[in-house]
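J.: Structure supplied as my_file.txt; contents: compact mmCIF, N, CA and C atoms.
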# COMPACT_ATOMS: atom_id res chain seq x y z
N MET A 1 31.69 15.33 268.85
CA MET A 1 32.37 15.54 267.56
C MET A 1 31.38 16.00 266.51
N LYS A 2 30.21 15.40 266.47
CA LYS A 2 29.21 15.77 265.48
C LYS A 2 28.81 17.23 265.63
N GLU A 3 28.67 17.73 266.86
CA GLU A 3 28.31 19.12 267.09
C GLU A 3 29.37 20.06 266.54
N ALA A 4 30.64 19.71 266.70
CA ALA A 4 31.72 20.56 266.21
C ALA A 4 31.67 20.66 264.69
N LEU A 5 31.35 19.58 264.02
CA LEU A 5 31.26 19.61 262.57
C LEU A 5 30.09 20.45 262.11
N ILE A 6 29.01 20.41 262.82
CA ILE A 6 27.83 21.19 262.45
C ILE A 6 28.11 22.67 262.59
N ARG A 7 28.87 23.09 263.60
CA ARG A 7 29.14 24.50 263.83
C ARG A 7 30.11 25.08 262.82
N MET A 8 30.92 24.26 262.18
CA MET A 8 31.85 24.77 261.18
C MET A 8 31.08 25.21 259.94
N SER A 9 31.54 26.30 259.35
CA SER A 9 30.91 26.76 258.11
C SER A 9 32.00 27.20 257.15
N PRO A 10 31.70 27.20 255.86
CA PRO A 10 32.71 27.61 254.88
C PRO A 10 33.16 29.05 255.07
N GLN A 11 32.33 29.88 255.73
CA GLN A 11 32.69 31.28 255.92
C GLN A 11 33.70 31.45 257.05
N SER A 12 33.90 30.46 257.86
CA SER A 12 34.81 30.54 258.99
C SER A 12 36.22 30.11 258.57
N PRO A 13 37.18 31.04 258.52
CA PRO A 13 38.54 30.66 258.13
C PRO A 13 39.17 29.68 259.12
N HIS A 14 38.77 29.75 260.38
CA HIS A 14 39.31 28.82 261.36
C HIS A 14 38.84 27.40 261.09
N ALA A 15 37.60 27.26 260.63
CA ALA A 15 37.07 25.93 260.33
C ALA A 15 37.83 25.32 259.16
N LEU A 16 38.07 26.11 258.11
CA LEU A 16 38.78 25.59 256.95
C LEU A 16 40.22 25.27 257.29
N ALA A 17 40.87 26.13 258.04
CA ALA A 17 42.27 25.91 258.39
C ALA A 17 42.42 24.65 259.23
N SER A 18 41.44 24.36 260.06
CA SER A 18 41.56 23.20 260.94
C SER A 18 41.44 21.88 260.16
N LEU A 19 40.88 21.92 258.97
CA LEU A 19 40.72 20.71 258.17
C LEU A 19 41.92 20.44 257.25
N ARG A 20 42.78 21.44 257.05
CA ARG A 20 43.93 21.27 256.18
C ARG A 20 45.06 20.58 256.91
N ARG A 21 45.76 19.70 256.22
CA ARG A 21 46.88 18.98 256.81
C ARG A 21 48.19 19.28 256.09
N ASP A 22 48.17 20.16 255.11
CA ASP A 22 49.39 20.45 254.34
C ASP A 22 50.54 20.92 255.22
N ALA A 23 50.22 21.73 256.23
CA ALA A 23 51.29 22.26 257.08
C ALA A 23 51.94 21.15 257.90
N ALA A 24 51.23 20.08 258.14
CA ALA A 24 51.76 18.99 258.95
C ALA A 24 52.51 17.95 258.13
N VAL A 25 52.47 18.07 256.81
CA VAL A 25 53.11 17.09 255.94
C VAL A 25 54.54 17.51 255.64
N ARG A 26 55.46 16.63 255.89
CA ARG A 26 56.86 16.87 255.53
C ARG A 26 57.12 16.22 254.18
N ARG A 27 57.48 17.00 253.24
CA ARG A 27 57.74 16.50 251.89
C ARG A 27 59.23 16.51 251.62
N GLY A 28 59.64 15.63 250.71
CA GLY A 28 61.02 15.63 250.26
C GLY A 28 61.24 16.81 249.32
N ALA A 29 62.41 16.88 248.78
CA ALA A 29 62.77 17.96 247.86
C ALA A 29 61.91 17.87 246.59
N ALA A 30 61.55 19.02 246.06
CA ALA A 30 60.80 19.08 244.81
C ALA A 30 61.72 18.64 243.67
N LEU A 31 61.15 17.87 242.74
CA LEU A 31 61.91 17.40 241.59
C LEU A 31 60.95 17.15 240.43
N HIS A 32 61.50 16.72 239.31
CA HIS A 32 60.70 16.38 238.13
C HIS A 32 61.18 15.04 237.58
N PHE A 33 60.24 14.30 237.01
CA PHE A 33 60.59 13.09 236.26
C PHE A 33 59.77 13.10 234.99
N LEU A 34 60.09 12.21 234.07
CA LEU A 34 59.38 12.16 232.79
C LEU A 34 58.38 11.02 232.77
N MET A 35 57.18 11.31 232.31
CA MET A 35 56.16 10.30 232.05
C MET A 35 55.74 10.50 230.61
N ASN A 36 56.02 9.51 229.79
CA ASN A 36 55.71 9.61 228.36
C ASN A 36 56.27 10.90 227.76
N ASP A 37 57.50 11.23 228.11
CA ASP A 37 58.22 12.41 227.63
C ASP A 37 57.64 13.73 228.13
N GLN A 38 56.78 13.71 229.14
CA GLN A 38 56.25 14.93 229.74
C GLN A 38 56.81 15.09 231.14
N GLN A 39 57.23 16.29 231.49
CA GLN A 39 57.75 16.53 232.83
C GLN A 39 56.62 16.52 233.86
N ILE A 40 56.84 15.77 234.93
CA ILE A 40 55.86 15.66 236.01
C ILE A 40 56.52 16.16 237.29
N PRO A 41 55.88 17.11 237.99
CA PRO A 41 56.44 17.54 239.27
C PRO A 41 56.18 16.49 240.34
N ALA A 42 57.11 16.36 241.26
CA ALA A 42 56.98 15.37 242.33
C ALA A 42 57.83 15.80 243.51
N PHE A 43 57.79 15.00 244.55
CA PHE A 43 58.61 15.22 245.73
C PHE A 43 59.39 13.94 246.02
N ALA A 44 60.63 14.08 246.40
CA ALA A 44 61.45 12.93 246.76
C ALA A 44 60.73 12.12 247.82
N GLY A 45 60.73 10.81 247.64
CA GLY A 45 60.07 9.91 248.58
C GLY A 45 58.69 9.47 248.15
N GLU A 46 58.11 10.13 247.15
CA GLU A 46 56.80 9.72 246.62
C GLU A 46 56.96 8.56 245.66
N SER A 47 55.92 7.78 245.53
CA SER A 47 55.92 6.76 244.48
C SER A 47 55.53 7.43 243.16
N VAL A 48 55.88 6.80 242.07
CA VAL A 48 55.49 7.30 240.76
C VAL A 48 53.96 7.38 240.69
N ALA A 49 53.26 6.37 241.20
CA ALA A 49 51.79 6.37 241.16
C ALA A 49 51.21 7.56 241.91
N ALA A 50 51.73 7.86 243.10
CA ALA A 50 51.23 8.99 243.89
C ALA A 50 51.49 10.31 243.18
N ALA A 51 52.69 10.47 242.62
CA ALA A 51 53.02 11.70 241.92
C ALA A 51 52.15 11.87 240.67
N LEU A 52 51.91 10.79 239.95
CA LEU A 52 51.06 10.87 238.76
C LEU A 52 49.62 11.22 239.14
N LEU A 53 49.11 10.59 240.17
CA LEU A 53 47.75 10.87 240.62
C LEU A 53 47.64 12.34 241.04
N ALA A 54 48.62 12.84 241.78
CA ALA A 54 48.60 14.24 242.21
C ALA A 54 48.68 15.20 241.03
N SER A 55 49.27 14.75 239.92
CA SER A 55 49.39 15.59 238.72
C SER A 55 48.22 15.44 237.76
N GLY A 56 47.24 14.62 238.12
CA GLY A 56 46.05 14.50 237.29
C GLY A 56 46.00 13.27 236.39
N TRP A 57 47.04 12.43 236.41
CA TRP A 57 47.03 11.22 235.59
C TRP A 57 46.11 10.20 236.25
N ARG A 58 45.11 9.75 235.55
CA ARG A 58 44.19 8.75 236.08
C ARG A 58 44.33 7.41 235.35
N GLU A 59 44.65 7.46 234.08
CA GLU A 59 44.78 6.24 233.28
C GLU A 59 46.25 5.95 233.04
N LEU A 60 46.66 4.74 233.39
CA LEU A 60 48.05 4.33 233.17
C LEU A 60 48.19 3.26 232.11
N ARG A 61 47.12 2.56 231.85
CA ARG A 61 47.13 1.51 230.81
C ARG A 61 45.69 1.17 230.49
N HIS A 62 45.51 0.24 229.54
CA HIS A 62 44.18 -0.28 229.20
C HIS A 62 44.19 -1.79 229.36
N SER A 63 43.06 -2.32 229.79
CA SER A 63 42.99 -3.77 230.01
C SER A 63 43.14 -4.49 228.68
N PRO A 64 43.84 -5.62 228.67
CA PRO A 64 44.07 -6.34 227.43
C PRO A 64 42.80 -6.98 226.87
N ARG A 65 41.85 -7.28 227.71
CA ARG A 65 40.64 -7.97 227.26
C ARG A 65 39.63 -7.04 226.59
N ASN A 66 39.28 -5.94 227.27
CA ASN A 66 38.23 -5.09 226.71
C ASN A 66 38.63 -3.62 226.59
N GLU A 67 39.93 -3.34 226.71
CA GLU A 67 40.48 -2.00 226.50
C GLU A 67 39.94 -0.94 227.46
N GLU A 68 39.42 -1.33 228.62
CA GLU A 68 38.97 -0.34 229.60
C GLU A 68 40.18 0.30 230.27
N PRO A 69 40.08 1.58 230.62
CA PRO A 69 41.21 2.26 231.26
C PRO A 69 41.49 1.69 232.64
N ARG A 70 42.77 1.66 232.98
CA ARG A 70 43.22 1.17 234.28
C ARG A 70 44.15 2.21 234.88
N GLY A 71 44.15 2.29 236.20
CA GLY A 71 45.02 3.22 236.91
C GLY A 71 45.41 2.62 238.24
N ALA A 72 46.04 3.43 239.07
CA ALA A 72 46.46 2.97 240.39
C ALA A 72 45.22 2.57 241.19
N PHE A 73 45.31 1.45 241.87
CA PHE A 73 44.16 0.93 242.62
C PHE A 73 44.54 0.63 244.07
N CYS A 74 45.47 -0.28 244.28
CA CYS A 74 45.76 -0.72 245.65
C CYS A 74 46.91 0.05 246.29
N PHE A 75 47.78 0.65 245.50
CA PHE A 75 48.94 1.41 245.97
C PHE A 75 49.88 0.60 246.86
N MET A 76 49.89 -0.74 246.66
CA MET A 76 50.84 -1.56 247.41
C MET A 76 51.43 -2.69 246.57
N GLY A 77 51.24 -2.65 245.25
CA GLY A 77 51.90 -3.59 244.36
C GLY A 77 51.20 -4.92 244.16
N SER A 78 50.03 -5.11 244.73
CA SER A 78 49.35 -6.40 244.61
C SER A 78 48.52 -6.54 243.35
N CYS A 79 47.89 -5.46 242.91
CA CYS A 79 46.89 -5.60 241.84
C CYS A 79 47.47 -5.51 240.44
N GLN A 80 48.62 -4.91 240.26
CA GLN A 80 49.28 -4.76 238.96
C GLN A 80 48.52 -3.85 237.99
N GLU A 81 47.57 -3.07 238.48
CA GLU A 81 46.81 -2.17 237.60
C GLU A 81 47.62 -0.96 237.16
N CYS A 82 48.66 -0.62 237.90
CA CYS A 82 49.43 0.59 237.60
C CYS A 82 50.76 0.29 236.91
N LEU A 83 50.83 -0.81 236.16
CA LEU A 83 52.08 -1.18 235.51
C LEU A 83 52.56 -0.11 234.54
N VAL A 84 53.85 0.15 234.59
CA VAL A 84 54.53 1.08 233.69
C VAL A 84 55.90 0.52 233.35
N TRP A 85 56.54 1.10 232.35
CA TRP A 85 57.91 0.72 232.01
C TRP A 85 58.87 1.69 232.69
N VAL A 86 59.84 1.15 233.41
CA VAL A 86 60.90 1.92 234.06
C VAL A 86 62.21 1.15 233.86
N ASP A 87 63.20 1.82 233.28
CA ASP A 87 64.50 1.18 233.06
C ASP A 87 64.37 -0.16 232.34
N ASN A 88 63.58 -0.19 231.29
CA ASN A 88 63.35 -1.40 230.47
C ASN A 88 62.77 -2.57 231.25
N ARG A 89 62.04 -2.26 232.32
CA ARG A 89 61.34 -3.30 233.09
C ARG A 89 59.91 -2.86 233.33
N LYS A 90 59.00 -3.79 233.29
CA LYS A 90 57.61 -3.51 233.59
C LYS A 90 57.42 -3.64 235.10
N LEU A 91 57.03 -2.52 235.75
CA LEU A 91 56.93 -2.49 237.21
C LEU A 91 55.64 -1.79 237.64
N PRO A 92 55.11 -2.13 238.81
CA PRO A 92 53.97 -1.36 239.34
C PRO A 92 54.46 0.03 239.76
N SER A 93 53.83 1.06 239.26
CA SER A 93 54.29 2.43 239.54
C SER A 93 54.19 2.79 241.01
N CYS A 94 53.35 2.09 241.75
CA CYS A 94 53.24 2.36 243.19
C CYS A 94 54.43 1.84 243.97
N GLN A 95 55.29 1.06 243.33
CA GLN A 95 56.46 0.49 244.00
C GLN A 95 57.76 1.13 243.53
N VAL A 96 57.67 2.17 242.72
CA VAL A 96 58.86 2.84 242.19
C VAL A 96 58.92 4.25 242.78
N ALA A 97 60.01 4.57 243.45
CA ALA A 97 60.19 5.91 244.01
C ALA A 97 60.64 6.87 242.91
N VAL A 98 60.09 8.06 242.92
CA VAL A 98 60.51 9.06 241.95
C VAL A 98 61.93 9.51 242.26
N ARG A 99 62.62 9.92 241.23
CA ARG A 99 63.94 10.50 241.37
C ARG A 99 64.15 11.44 240.19
N GLU A 100 64.99 12.41 240.39
CA GLU A 100 65.27 13.37 239.33
C GLU A 100 65.78 12.63 238.11
N GLY A 101 65.22 12.93 236.95
CA GLY A 101 65.67 12.32 235.71
C GLY A 101 65.06 10.96 235.40
N LEU A 102 64.23 10.43 236.28
CA LEU A 102 63.58 9.15 236.03
C LEU A 102 62.71 9.25 234.78
N ALA A 103 62.79 8.24 233.92
CA ALA A 103 61.95 8.18 232.72
C ALA A 103 60.99 7.01 232.85
N VAL A 104 59.70 7.32 232.78
CA VAL A 104 58.64 6.33 232.91
C VAL A 104 57.81 6.36 231.64
N GLU A 105 57.37 5.18 231.20
CA GLU A 105 56.51 5.10 230.01
C GLU A 105 55.30 4.24 230.35
N SER A 106 54.12 4.71 229.93
CA SER A 106 52.94 3.86 230.08
C SER A 106 53.04 2.73 229.06
N LEU A 107 52.33 1.64 229.32
CA LEU A 107 52.38 0.50 228.40
C LEU A 107 51.88 0.89 227.02
N ASP A 108 50.77 1.62 226.97
CA ASP A 108 50.20 2.03 225.68
C ASP A 108 51.13 2.96 224.92
N TRP A 109 51.72 3.93 225.62
CA TRP A 109 52.60 4.89 224.98
C TRP A 109 53.84 4.19 224.44
N ARG A 110 54.40 3.30 225.21
CA ARG A 110 55.60 2.59 224.78
C ARG A 110 55.32 1.78 223.52
N GLU A 111 54.18 1.11 223.52
CA GLU A 111 53.82 0.30 222.34
C GLU A 111 53.64 1.17 221.10
N ALA A 112 53.06 2.32 221.28
CA ALA A 112 52.82 3.23 220.14
C ALA A 112 54.08 3.92 219.66
N HIS A 113 55.09 4.07 220.52
CA HIS A 113 56.29 4.82 220.16
C HIS A 113 57.55 3.97 220.00
N ARG A 114 57.44 2.69 220.05
CA ARG A 114 58.62 1.83 219.89
C ARG A 114 58.55 1.10 218.59
As structure tokens, how would this structure be written, given the file I've shared?

T.:
Amino acid sequence: MKEALIRMSPQSPHALASLRRDAAVRRGAALHFLMNDQQIPAFAGESVAAALLASGWRELRHSPRNEEPRGAFCFMGSCQECLVWVDNRKLPSCQVAVREGLAVESLDWREAHR
């Protein structure tokens, strides 16, 4: 295996194509949801956390103690770092499936705009 990796080079289109997995991924239908009143592209079946991360969102809230930025960490609902407001409930964004028309608010944004 190590020899095969050494022989691959960026100039070889076959080497690059063999490392891509996009063709093997089955995605749900493309859709949009709102995060802090901004449209975010996503695919049906993704979690809000995954869709936000794919769209470049890294910070979802700030820690209450020292105001450090927090974002998705465990992606399984245990750590509570990715909390957001959905349907007037505070939920971990990694446990909420995206759907067309879904409205999500970060904790900081909601506090500033309510």

J.: For each of A:Cys74, A:Leu34, A:Ala49, A:Ile40, take the minimum atom-to-atom distance to Ala97 (chain A), counting all atoms listed in the file, then give the residue where this is smallest.

T.: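 For Ala97 (chain A), the nearest of the candidates is A:Ala49.
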
J.: Just give me the gap between CA of Val98 (chain A) and CA of Gly71 (chain A) in Å, one decimal is fine.

T.: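 So the answer is 17.3 Å.
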
J.: Taking all atoms listed in the file into account, name the residue in A:Met35, A:Val48, A:Leu53, A:Ala112 that is nearest to Ser93 (chain A).

T.: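 Under the stated criterion, the closest residue is A:Val48.
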
J.: Measure the distance from CA of Ser106 (chain A) to CA of Arg27 (chain A) in Å and round it to one decimal.

T.: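 CA of Arg27 (chain A) lies 25.7 Å from CA of Ser106 (chain A).
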
J.: Find the residue from A:Ala51, A:Gln39, A:Gly77, A:Val25 that sits nearest to Leu91 (chain A); use all atoms listed in the file when measuring.

T.: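 Of A:Ala51, A:Gln39, A:Gly77, A:Val25, the one nearest Leu91 (chain A), counting all atoms listed in the file, is A:Gly77.
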
J.: Residues proximal to (43.2, 3.9, 231.7) were defined as those with any atom within 6 Å of that point in the file's coordinates, counting only N, CA and C atoms. Which are they, as a VMD selection string?

T.: chain A and resid 58 to 62 68 to 71
